[in-house]
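Chemist: My structure is stored as my_file.txt, with compact mmCIF, C-alpha atoms.
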```txt
# COMPACT_ATOMS: atom_id res chain seq x y z
CA MET W 11 171.31 191.15 173.10
CA ALA W 12 173.29 188.36 174.68
CA GLU W 13 176.11 186.06 173.58
CA LEU W 14 175.51 182.48 174.68
CA TYR W 15 178.06 179.69 174.86
CA TYR W 16 176.22 176.81 173.26
CA ASP W 17 176.30 173.13 172.39
CA LEU W 18 173.08 172.21 170.62
CA HIS W 19 173.86 168.66 169.49
CA ILE W 20 174.64 166.24 172.31
CA HIS W 21 173.70 162.54 172.53
CA SER W 22 172.58 160.88 175.72
CA CYS W 23 172.67 157.20 176.68
CA LEU W 24 169.35 156.88 174.85
CA SER W 25 171.27 156.87 171.57
CA PRO W 26 172.63 153.33 171.19
CA CYS W 27 176.03 154.75 170.24
CA GLY W 28 175.98 157.19 173.20
CA ASP W 29 178.08 156.26 176.23
CA ASP W 30 176.17 154.92 179.22
CA ASP W 31 177.69 157.73 181.32
CA MET W 32 175.76 160.24 179.20
CA THR W 33 172.85 160.37 181.63
CA PRO W 34 170.72 163.52 181.52
CA ALA W 35 172.05 164.72 184.88
CA ASN W 36 175.68 164.01 183.94
CA ILE W 37 175.33 165.89 180.66
CA VAL W 38 173.76 168.89 182.35
CA GLY W 39 176.30 168.81 185.18
CA MET W 40 179.24 168.62 182.78
CA SER W 41 177.82 171.47 180.68
CA VAL W 42 177.51 173.63 183.79
CA ILE W 43 181.08 172.81 184.87
CA LYS W 44 182.34 173.71 181.42
CA GLY W 45 180.49 177.01 181.57
CA LEU W 46 178.03 176.59 178.71
CA ASP W 47 174.90 178.77 178.69
CA VAL W 48 172.59 176.67 176.54
CA ILE W 49 172.55 173.01 175.53
CA ALA W 50 170.31 170.64 173.60
CA VAL W 51 170.28 166.88 173.98
CA THR W 52 169.45 165.47 170.57
CA ASP W 53 169.25 161.70 170.44
CA HIS W 54 168.79 159.74 167.25
CA ASN W 55 165.10 159.83 166.35
CA SER W 56 164.04 160.29 169.97
CA CYS W 57 163.23 162.97 172.56
CA LYS W 58 162.56 160.49 175.36
CA ASN W 59 165.36 161.78 177.60
CA CYS W 60 164.37 165.42 177.14
CA PRO W 61 162.02 165.51 180.16
CA ALA W 62 164.90 164.40 182.44
CA VAL W 63 167.35 166.78 180.74
CA LEU W 64 165.01 169.74 181.23
CA ALA W 65 164.37 168.78 184.85
CA ALA W 66 168.11 168.59 185.57
CA ALA W 67 168.69 171.86 183.73
CA ARG W 68 166.12 173.60 185.95
CA GLU W 69 167.97 172.30 189.02
CA TYR W 70 171.38 173.41 187.75
CA GLY W 71 170.17 176.72 186.31
CA ILE W 72 171.23 176.21 182.70
CA LEU W 73 169.12 176.67 179.60
CA ALA W 74 168.20 173.37 177.88
CA ILE W 75 166.20 172.97 174.69
CA PRO W 76 164.25 169.78 173.90
CA GLY W 77 165.55 168.27 170.68
CA MET W 78 166.17 165.29 168.42
CA GLU W 79 168.61 164.34 165.70
CA ILE W 80 166.32 162.88 163.09
CA ASN W 81 167.57 160.40 160.49
CA THR W 82 165.52 161.04 157.34
CA SER W 83 164.60 158.48 154.70
CA GLU W 84 167.67 159.66 152.76
CA GLU W 85 169.74 158.97 155.92
CA VAL W 86 170.41 162.68 156.25
CA HIS W 87 170.90 163.72 159.87
CA ALA W 88 169.16 166.92 160.94
CA VAL W 89 168.83 168.52 164.37
CA CYS W 90 165.30 169.51 165.38
CA LEU W 91 164.80 171.81 168.38
CA PHE W 92 161.47 172.67 169.96
CA GLU W 93 160.17 175.53 172.06
CA GLU W 94 157.90 173.32 174.15
CA LEU W 95 158.64 169.92 175.67
CA LYS W 96 155.07 168.79 174.98
CA ALA W 97 155.45 169.46 171.26
CA ALA W 98 158.83 167.70 171.26
CA MET W 99 157.25 164.60 172.78
CA GLU W 100 154.44 164.69 170.22
CA PHE W 101 157.07 164.88 167.48
CA ASP W 102 158.90 161.98 169.18
CA ALA W 103 155.75 159.84 169.00
CA TYR W 104 155.25 160.78 165.34
CA VAL W 105 158.82 159.86 164.39
CA TYR W 106 158.78 156.57 166.33
CA GLU W 107 155.82 155.42 164.25
CA LYS W 108 157.80 156.23 161.10
CA LEU W 109 160.83 154.14 162.10
CA ILE W 110 161.51 150.75 160.60
CA PRO W 111 160.26 148.43 163.39
CA PHE W 112 163.61 146.73 163.79
CA PRO W 113 164.32 145.59 167.35
CA ASN W 114 167.50 146.95 168.93
CA LYS W 115 170.20 144.38 169.61
CA GLU W 116 171.95 145.86 172.62
CA GLU W 117 175.07 143.72 172.30
CA ILE W 118 175.70 145.14 168.82
CA PHE W 119 174.30 148.66 168.79
CA GLY W 120 174.33 149.54 172.49
CA ARG W 121 171.65 150.26 175.06
CA GLN W 122 168.83 152.79 174.56
CA LEU W 123 168.26 153.98 178.11
CA ILE W 124 165.50 156.32 179.27
CA TYR W 125 166.12 158.19 182.52
CA ASN W 126 163.65 159.77 184.93
CA ASP W 127 163.96 163.09 186.76
CA ASN W 128 165.88 161.40 189.62
CA ASP W 129 168.64 160.24 187.26
CA GLU W 130 167.46 156.63 187.44
CA ILE W 131 166.88 154.30 184.50
CA CYS W 132 163.14 154.05 183.98
CA GLY W 133 162.95 152.23 180.66
CA THR W 134 164.46 151.34 177.33
CA VAL W 135 163.32 151.90 173.76
CA PRO W 136 162.68 148.54 172.03
CA ASN W 137 163.14 149.47 168.38
CA LEU W 138 166.51 150.52 167.02
CA LEU W 139 166.71 154.32 166.98
CA ILE W 140 169.55 154.84 164.52
CA ASN W 141 167.48 153.58 161.60
CA ALA W 142 166.07 155.87 158.96
CA ALA W 143 162.61 157.26 159.62
CA ASP W 144 160.14 157.28 156.76
CA ILE W 145 160.26 161.08 156.68
CA SER W 146 161.92 162.88 153.78
CA PHE W 147 164.32 165.79 154.18
CA GLU W 148 162.05 167.55 151.73
CA GLY W 149 159.32 169.09 153.83
CA LEU W 150 161.16 168.49 157.10
CA TRP W 151 161.48 172.21 157.81
CA GLU W 152 157.72 172.67 157.48
CA LEU W 153 157.01 169.51 159.49
CA VAL W 154 159.17 170.69 162.40
CA ARG W 155 157.71 174.19 162.21
CA GLY W 156 154.31 172.57 162.63
CA TYR W 157 155.49 171.42 166.06
CA GLY W 158 156.76 174.91 166.90
CA GLY W 159 160.37 173.94 166.27
CA VAL W 160 163.34 174.68 164.08
CA MET W 161 165.49 172.31 162.01
CA PHE W 162 169.06 172.58 160.80
CA PRO W 163 171.03 169.98 158.83
CA ALA W 164 173.71 168.33 160.98
CA HIS W 165 177.44 168.19 160.22
CA VAL W 166 177.03 169.15 156.55
CA ASP W 167 180.81 168.77 156.06
CA LYS W 168 180.86 165.08 156.98
CA THR W 169 181.02 162.36 154.35
CA ALA W 170 178.39 160.16 156.00
CA ASN W 171 174.83 161.02 157.01
CA SER W 172 175.07 164.64 155.90
CA LEU W 173 172.75 166.62 153.67
CA ILE W 174 175.47 167.43 151.14
CA ALA W 175 177.08 163.98 151.09
CA ASN W 176 173.82 162.02 150.95
CA LEU W 177 171.84 164.18 148.52
CA GLY W 178 174.86 165.47 146.64
CA PHE W 179 173.76 169.08 146.93
CA ILE W 180 171.54 171.38 148.96
CA PRO W 181 168.03 171.33 147.42
CA PRO W 182 167.52 174.89 146.13
CA ASP W 183 164.01 175.08 147.55
CA SER W 184 165.28 174.37 151.07
CA ARG W 185 164.06 176.71 153.80
CA PHE W 186 166.48 176.10 156.66
CA VAL W 187 168.53 179.15 157.63
CA THR W 188 171.06 177.58 159.98
CA ALA W 189 173.56 174.85 159.13
CA GLU W 190 175.84 172.88 161.41
CA VAL W 191 179.47 172.42 160.38
CA LYS W 192 181.71 170.06 162.33
CA ASP W 193 185.06 171.34 161.10
CA LEU W 194 184.87 175.10 160.66
CA SER W 195 188.14 175.14 158.73
CA LYS W 196 186.20 173.58 155.85
CA LEU W 197 183.64 176.37 155.79
CA HIS W 198 185.18 178.48 153.05
CA GLY W 199 185.35 175.57 150.62
CA LEU W 200 181.88 174.43 151.57
CA LYS W 201 180.39 177.85 150.88
CA LYS W 202 182.15 177.98 147.53
CA SER W 203 180.65 174.72 146.36
CA ASN W 204 177.30 175.31 148.12
CA PRO W 205 176.36 178.99 147.78
CA TYR W 206 173.13 178.33 149.71
CA LEU W 207 175.28 178.32 152.86
CA GLU W 208 176.23 181.97 152.27
CA GLY W 209 172.78 182.89 153.52
CA CYS W 210 172.92 180.60 156.54
CA ARG W 211 173.91 181.10 160.11
CA ILE W 212 176.71 178.60 160.63
CA ILE W 213 177.02 176.90 163.98
CA SER W 214 179.28 174.13 165.23
CA ASN W 215 178.28 171.65 167.92
CA SER W 216 180.07 168.75 169.57
CA ASP W 217 177.80 165.84 168.49
CA ALA W 218 179.20 164.40 171.73
CA HIS W 219 178.62 160.74 172.53
CA TYR W 220 180.99 160.90 175.54
CA LEU W 221 180.98 163.41 178.40
CA GLU W 222 184.47 164.69 177.69
CA HIS W 223 183.52 165.61 174.12
CA ILE W 224 180.90 168.18 175.12
CA HIS W 225 182.11 171.52 173.81
CA GLU W 226 184.20 173.94 175.79
CA PRO W 227 182.79 177.48 175.97
CA LYS W 228 184.45 178.86 172.84
CA LEU W 229 181.74 179.55 170.26
CA THR W 230 178.87 181.90 170.97
CA LEU W 231 175.42 182.44 169.56
CA GLU W 232 173.99 185.95 169.55
CA VAL W 233 170.42 186.03 170.79
CA LYS W 234 167.94 188.78 171.55
CA GLU W 235 167.06 187.20 174.87
CA LYS W 236 168.41 184.29 176.88
CA SER W 237 165.49 181.91 176.51
CA VAL W 238 164.54 178.88 174.44
CA ARG W 239 162.52 181.15 172.19
CA GLY W 240 165.45 183.55 171.91
CA VAL W 241 167.73 180.74 170.73
CA LEU W 242 165.19 179.36 168.27
CA GLU W 243 164.66 182.86 166.87
CA ALA W 244 168.41 183.20 166.41
CA LEU W 245 168.36 179.91 164.47
CA GLY W 246 165.66 181.37 162.26
CA GLY W 247 162.84 179.24 163.52
CA MET W 248 160.15 181.47 164.80
CA GLU W 249 159.48 184.09 162.16
CA GLY W 250 157.06 183.94 159.29
CA GLY W 251 155.15 180.87 160.42
CA VAL W 252 155.13 177.67 158.44
CA MET V 72 188.48 132.83 148.98
CA THR V 73 189.09 133.86 152.56
CA VAL V 74 189.39 137.42 153.85
CA GLU V 75 193.11 136.76 154.23
CA ASP V 76 193.36 135.73 150.56
CA LEU V 77 191.58 138.95 149.60
CA ILE V 78 194.00 141.04 151.67
CA LYS V 79 196.99 139.25 150.11
CA LYS V 80 195.88 140.28 146.61
CA GLU V 81 196.85 143.83 147.72
CA ILE V 82 194.02 145.38 145.73
CA PHE V 83 192.68 147.14 148.79
CA LYS V 84 194.29 149.07 151.61
CA VAL V 85 193.84 147.46 155.01
CA VAL V 86 192.22 149.88 157.46
CA VAL V 87 191.47 147.37 160.22
CA GLU V 88 192.37 143.70 160.26
CA GLY V 89 189.52 141.74 161.81
CA ASP V 90 189.88 138.84 164.19
CA ASP V 91 188.86 136.08 161.77
CA LEU V 92 190.80 136.33 158.53
CA SER V 93 190.11 132.69 157.72
CA ARG V 94 186.42 133.23 157.08
CA GLU V 95 185.18 132.70 153.56
CA VAL V 96 183.97 135.51 151.33
CA THR V 97 181.05 134.03 149.42
CA GLY V 98 179.44 137.04 147.75
CA ILE V 99 179.37 140.80 147.29
CA PHE V 100 176.85 143.35 148.50
CA CYS V 101 176.71 147.02 147.45
CA CYS V 102 174.61 149.56 149.36
CA ASP V 103 175.11 152.86 151.15
CA LEU V 104 171.90 153.15 153.12
CA LEU V 105 172.52 151.41 156.42
CA SER V 106 168.82 150.83 156.99
CA ILE V 107 168.69 148.72 153.83
CA ALA V 108 172.03 146.99 154.35
CA MET V 109 170.95 146.04 157.85
CA GLY V 110 168.21 143.74 156.61
CA ARG V 111 169.60 142.63 153.28
CA ALA V 112 173.38 142.26 153.33
CA PRO V 113 174.01 138.51 153.03
CA SER V 114 176.25 136.98 155.69
CA ASP V 115 179.80 136.24 154.52
CA SER V 116 179.58 138.86 151.79
CA ALA V 117 182.11 141.61 151.09
CA TRP V 118 180.05 144.77 151.66
CA VAL V 119 181.11 147.68 149.47
CA THR V 120 179.96 151.11 150.66
CA VAL V 121 181.02 154.74 151.06
CA MET V 122 179.55 155.01 154.57
CA GLY V 123 182.45 154.92 157.00
CA ASN V 124 180.96 155.63 160.39
CA VAL V 125 180.49 153.73 163.61
CA ASN V 126 177.08 152.45 162.59
CA THR V 127 178.58 150.84 159.48
CA ILE V 128 180.49 148.54 161.81
CA ALA V 129 177.40 147.79 163.89
CA VAL V 130 175.47 146.86 160.75
CA ALA V 131 178.41 144.77 159.48
CA THR V 132 178.39 142.87 162.77
CA LEU V 133 174.64 142.42 162.73
CA ALA V 134 174.56 141.20 159.13
CA ASP V 135 177.71 139.14 159.79
CA VAL V 136 179.42 140.19 156.57
CA ALA V 137 182.93 138.89 155.88
CA CYS V 138 184.42 142.37 155.52
CA VAL V 139 183.62 145.99 154.73
CA ILE V 140 185.21 147.68 151.71
CA LEU V 141 185.09 151.47 151.73
CA ALA V 142 185.07 152.72 148.14
CA GLU V 143 185.58 156.12 146.51
CA GLY V 144 188.33 157.01 148.96
CA ALA V 145 185.77 157.27 151.78
CA GLN V 146 187.58 157.77 155.05
CA PRO V 147 186.43 155.91 158.15
CA ASP V 148 186.12 158.23 161.12
CA ASP V 149 187.92 157.50 164.40
CA MET V 150 184.90 155.90 166.06
CA CYS V 151 184.52 153.63 163.03
CA ARG V 152 188.14 152.43 163.30
CA THR V 153 187.91 151.94 167.04
CA ARG V 154 184.66 150.00 166.85
CA ALA V 155 185.92 147.84 164.00
CA GLY V 156 188.93 146.93 166.14
CA GLN V 157 186.70 146.13 169.12
CA GLN V 158 184.23 144.06 167.10
CA GLY V 159 186.93 142.36 165.04
CA VAL V 160 185.52 143.53 161.71
CA THR V 161 187.90 143.68 158.75
CA VAL V 162 187.73 147.06 157.00
CA LEU V 163 189.42 147.58 153.64
CA ALA V 164 189.55 150.74 151.52
CA THR V 165 190.06 151.81 147.93
CA GLU V 166 189.96 154.93 145.76
CA GLU V 167 187.97 152.94 143.17
CA PRO V 168 184.26 153.55 142.64
CA ILE V 169 181.85 151.05 144.20
CA PHE V 170 181.15 149.16 140.97
CA GLU V 171 184.81 148.68 140.09
CA ALA V 172 185.68 147.64 143.64
CA ALA V 173 182.86 145.10 143.64
CA LEU V 174 183.82 143.88 140.18
CA LYS V 175 187.36 143.14 141.34
CA VAL V 176 186.07 141.01 144.18
CA HIS V 177 183.65 139.34 141.76
CA GLY V 178 186.56 138.55 139.45
CA LEU V 179 188.43 136.90 142.30
CA LEU V 180 185.41 134.86 143.31
CA HIS V 181 184.25 133.81 139.87
CA GLY V 182 187.04 134.71 137.47
```
Go ahead and render the structure in this file as structure tokens.
Modeler:
Amino acid sequence: MAELYYDLHIHSCLSPCGDDDMTPANIVGMSVIKGLDVIAVTDHNSCKNCPAVLAAAREYGILAIPGMEINTSEEVHAVCLFEELKAAMEFDAYVYEKLIPFPNKEEIFGRQLIYNDNDEICGTVPNLLINAADISFEGLWELVRGYGGVMFPAHVDKTANSLIANLGFIPPDSRFVTAEVKDLSKLHGLKKSNPYLEGCRIISNSDAHYLEHIHEPKLTLEVKEKSVRGVLEALGGMEGGV
Amino acid sequence: MTVEDLIKKEIFKVVVEGDDLSREVTGIFCCDLLSIAMGRAPSDSAWVTVMGNVNTIAVATLADVACVILAEGAQPDDMCRTRAGQQGVTVLATEEPIFEAALKVHGLLHG
């Protein structure tokens, strides 16, 4: 068993609201300086900076998991993490097709920058990524499992774009086993009003859009082995199939 | 009625004062899903919503609404306040439900 310092919800400069300094190499470098063991870069509806993040992570010797923060048709935000980069990119292509084809206006929403392995800009995403994808929260767990990944609802304590705020309750037939809470001091009250959370592993990530907001090494995740698979297993993703 | 007139009625709390209080409010729009509001909020409308995040301000700018009114006691997060200040978007707030908040603006416009 190992205890890993983690931050599994970080935005890069690919998210229009992410700071331009959030390049894959900067994020990985900052995470190493802070002393984190495992990170995931999870941009809105996109995995297109994951190849660069994973390449930088290999250089720096930190564990990085390919991921995305999907925005469902109900505008519920959920973090999806994948064991394999290839599957993450296939999921990325699937989600992009499900987005409203609304062109990004950089001056209003911000730039959507794709970086290559040399930390250079190699492209931009034309359609706005923060829109809702035509994918329901219902069935999302199974969908992500189909790509060999795991899903957990993001910041369930927030009043905007959260499972509980947007749907009003946690659907009782949900299958996710991990939930992300932004403010852990709210956890007791949340569990009281949403007993489903009693059976969940609760984690808290930074949701950083700026380098300085990446988490300090305070919270740990217990895993059987320090690997992507080990982390996904700890989040409940790999057992029992779809 | 201008945004300034609306503020002076003191029906709503002022969260952020935008940079053009003289602009006219010509209608009301109610919606919480940003992806819908983005394409359908009429310009110069008072947009009543419970979504108080940074993307609310981006959508308000894109749709060119006259102001945002956060209903149901919804609290704007820090990024939302900061961005509203930067973009010059007026953000008002109320404990009232969306319908009642919209109705009050409607009364001022057409009453």
Chemist: What's the 9 Å shell around region 110-125 of chain V, counting all atoms listed in the file, without same-chain residues fewer than 5 positions away, as number ranges by chain?
Modeler: W: 27, 169-171; V: 74, 94-105, 130-131, 133-155, 169-170, 172-173, 176
Chemist: Which of these, V:Ile107, V:Leu180, V:Leu174, V:Val162, has the shortest distance to chain W once you count all atoms listed in the file?
Modeler: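 For chain W, the nearest of the given residues is V:Ile107.
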Chemist: I need every residue sitting at most 7 Å from the point (192.4, 146.3, 147.7) (coordinates as in the file, only C-alpha atoms considered), written as an mmCIF file with C-alpha atoms, in the coordinates of the input.
Modeler:
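Below is the file that was written, out.cif:
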```cif
data_model
loop_
_atom_site.group_PDB
_atom_site.id
_atom_site.type_symbol
_atom_site.label_atom_id
_atom_site.label_comp_id
_atom_site.auth_asym_id
_atom_site.auth_seq_id
_atom_site.Cartn_x
_atom_site.Cartn_y
_atom_site.Cartn_z
ATOM 1 C CA ILE V 78 194.000 141.040 151.670
ATOM 2 C CA GLU V 81 196.850 143.830 147.720
ATOM 3 C CA ILE V 82 194.020 145.380 145.730
ATOM 4 C CA PHE V 83 192.680 147.140 148.790
ATOM 5 C CA LYS V 84 194.290 149.070 151.610
ATOM 6 C CA LEU V 163 189.420 147.580 153.640
ATOM 7 C CA ALA V 164 189.550 150.740 151.520
ATOM 8 C CA THR V 165 190.060 151.810 147.930
#
```
Chemist: Might you pull out every residue within 6 Å of region 85-91 of chain W, with all atoms listed in the file counted and same-chain residues fewer than 5 positions away left off, and present them as a list in words?
Modeler: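 Counting only the stated atoms, we get Pro76, Gly77, Met78, Glu79, Ile80, Ala142, Gly159, Val160, Met161, Phe162, Pro163, Ala164, Asn171, Ser172 and Leu173 of chain W.
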Chemist: Could you jot down the CA of Pro34 (chain W) to CA of Pro61 (chain W) separation for me, Å, one decimal place?
Modeler: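 It comes out at 9.0 Å.
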Chemist: Find the residues around region 204-215 of chain W up to 6 Å (only C-alpha atoms counted), leave out those fewer than 4 positions away in its own chain, and share them as a PyMOL selection string.
Modeler: chain W and resi 17-19+187-192+200
Chemist: What are the closest atom pairs, with distances in Å to one decimal, for all residues of chain W lying within 6 Å of chain V? Consider only C-alpha atoms, order rows by chain and residue number, and present the result as CSV.
Modeler:
```
residue,atom,partner,partner_atom,distance
W:Ile118,CA,V:Ala129,CA,5.8
W:Phe119,CA,V:Ala129,CA,5.9
W:Asn141,CA,V:Ser106,CA,5.5
W:Ala170,CA,V:Met122,CA,5.5
```
Chemist: Can you pull out the residues contacting Arg68 (chain W)? Cut-off 12 Å, using all atoms listed in the file, and skip same-chain residues under 3 positions away; I want them as a list in words.
Modeler: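 Neighbouring residues, sequence-local ones excluded: Pro34, Ala35, Val38, Gly39, Val42, Val48, Pro61, Ala62, Val63, Leu64, Ala65, Gly71, Ile72, Leu73, Ala74, Ile75 and Asp127 of chain W.
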Chemist: Write out the residues from the selection above, keeping C-alpha atoms, as a PDB file, keeping the file's coordinate frame.
Modeler:
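Result file follows (part_25.pdb):
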```
ATOM      1  CA  PRO W  34     170.720 163.520 181.520  1.00  0.00           C
ATOM      2  CA  ALA W  35     172.050 164.720 184.880  1.00  0.00           C
ATOM      3  CA  VAL W  38     173.760 168.890 182.350  1.00  0.00           C
ATOM      4  CA  GLY W  39     176.300 168.810 185.180  1.00  0.00           C
ATOM      5  CA  VAL W  42     177.510 173.630 183.790  1.00  0.00           C
ATOM      6  CA  VAL W  48     172.590 176.670 176.540  1.00  0.00           C
ATOM      7  CA  PRO W  61     162.020 165.510 180.160  1.00  0.00           C
ATOM      8  CA  ALA W  62     164.900 164.400 182.440  1.00  0.00           C
ATOM      9  CA  VAL W  63     167.350 166.780 180.740  1.00  0.00           C
ATOM     10  CA  LEU W  64     165.010 169.740 181.230  1.00  0.00           C
ATOM     11  CA  ALA W  65     164.370 168.780 184.850  1.00  0.00           C
ATOM     12  CA  GLY W  71     170.170 176.720 186.310  1.00  0.00           C
ATOM     13  CA  ILE W  72     171.230 176.210 182.700  1.00  0.00           C
ATOM     14  CA  LEU W  73     169.120 176.670 179.600  1.00  0.00           C
ATOM     15  CA  ALA W  74     168.200 173.370 177.880  1.00  0.00           C
ATOM     16  CA  ILE W  75     166.200 172.970 174.690  1.00  0.00           C
ATOM     17  CA  ASP W 127     163.960 163.090 186.760  1.00  0.00           C
TER      18      ASP W 127
END
```
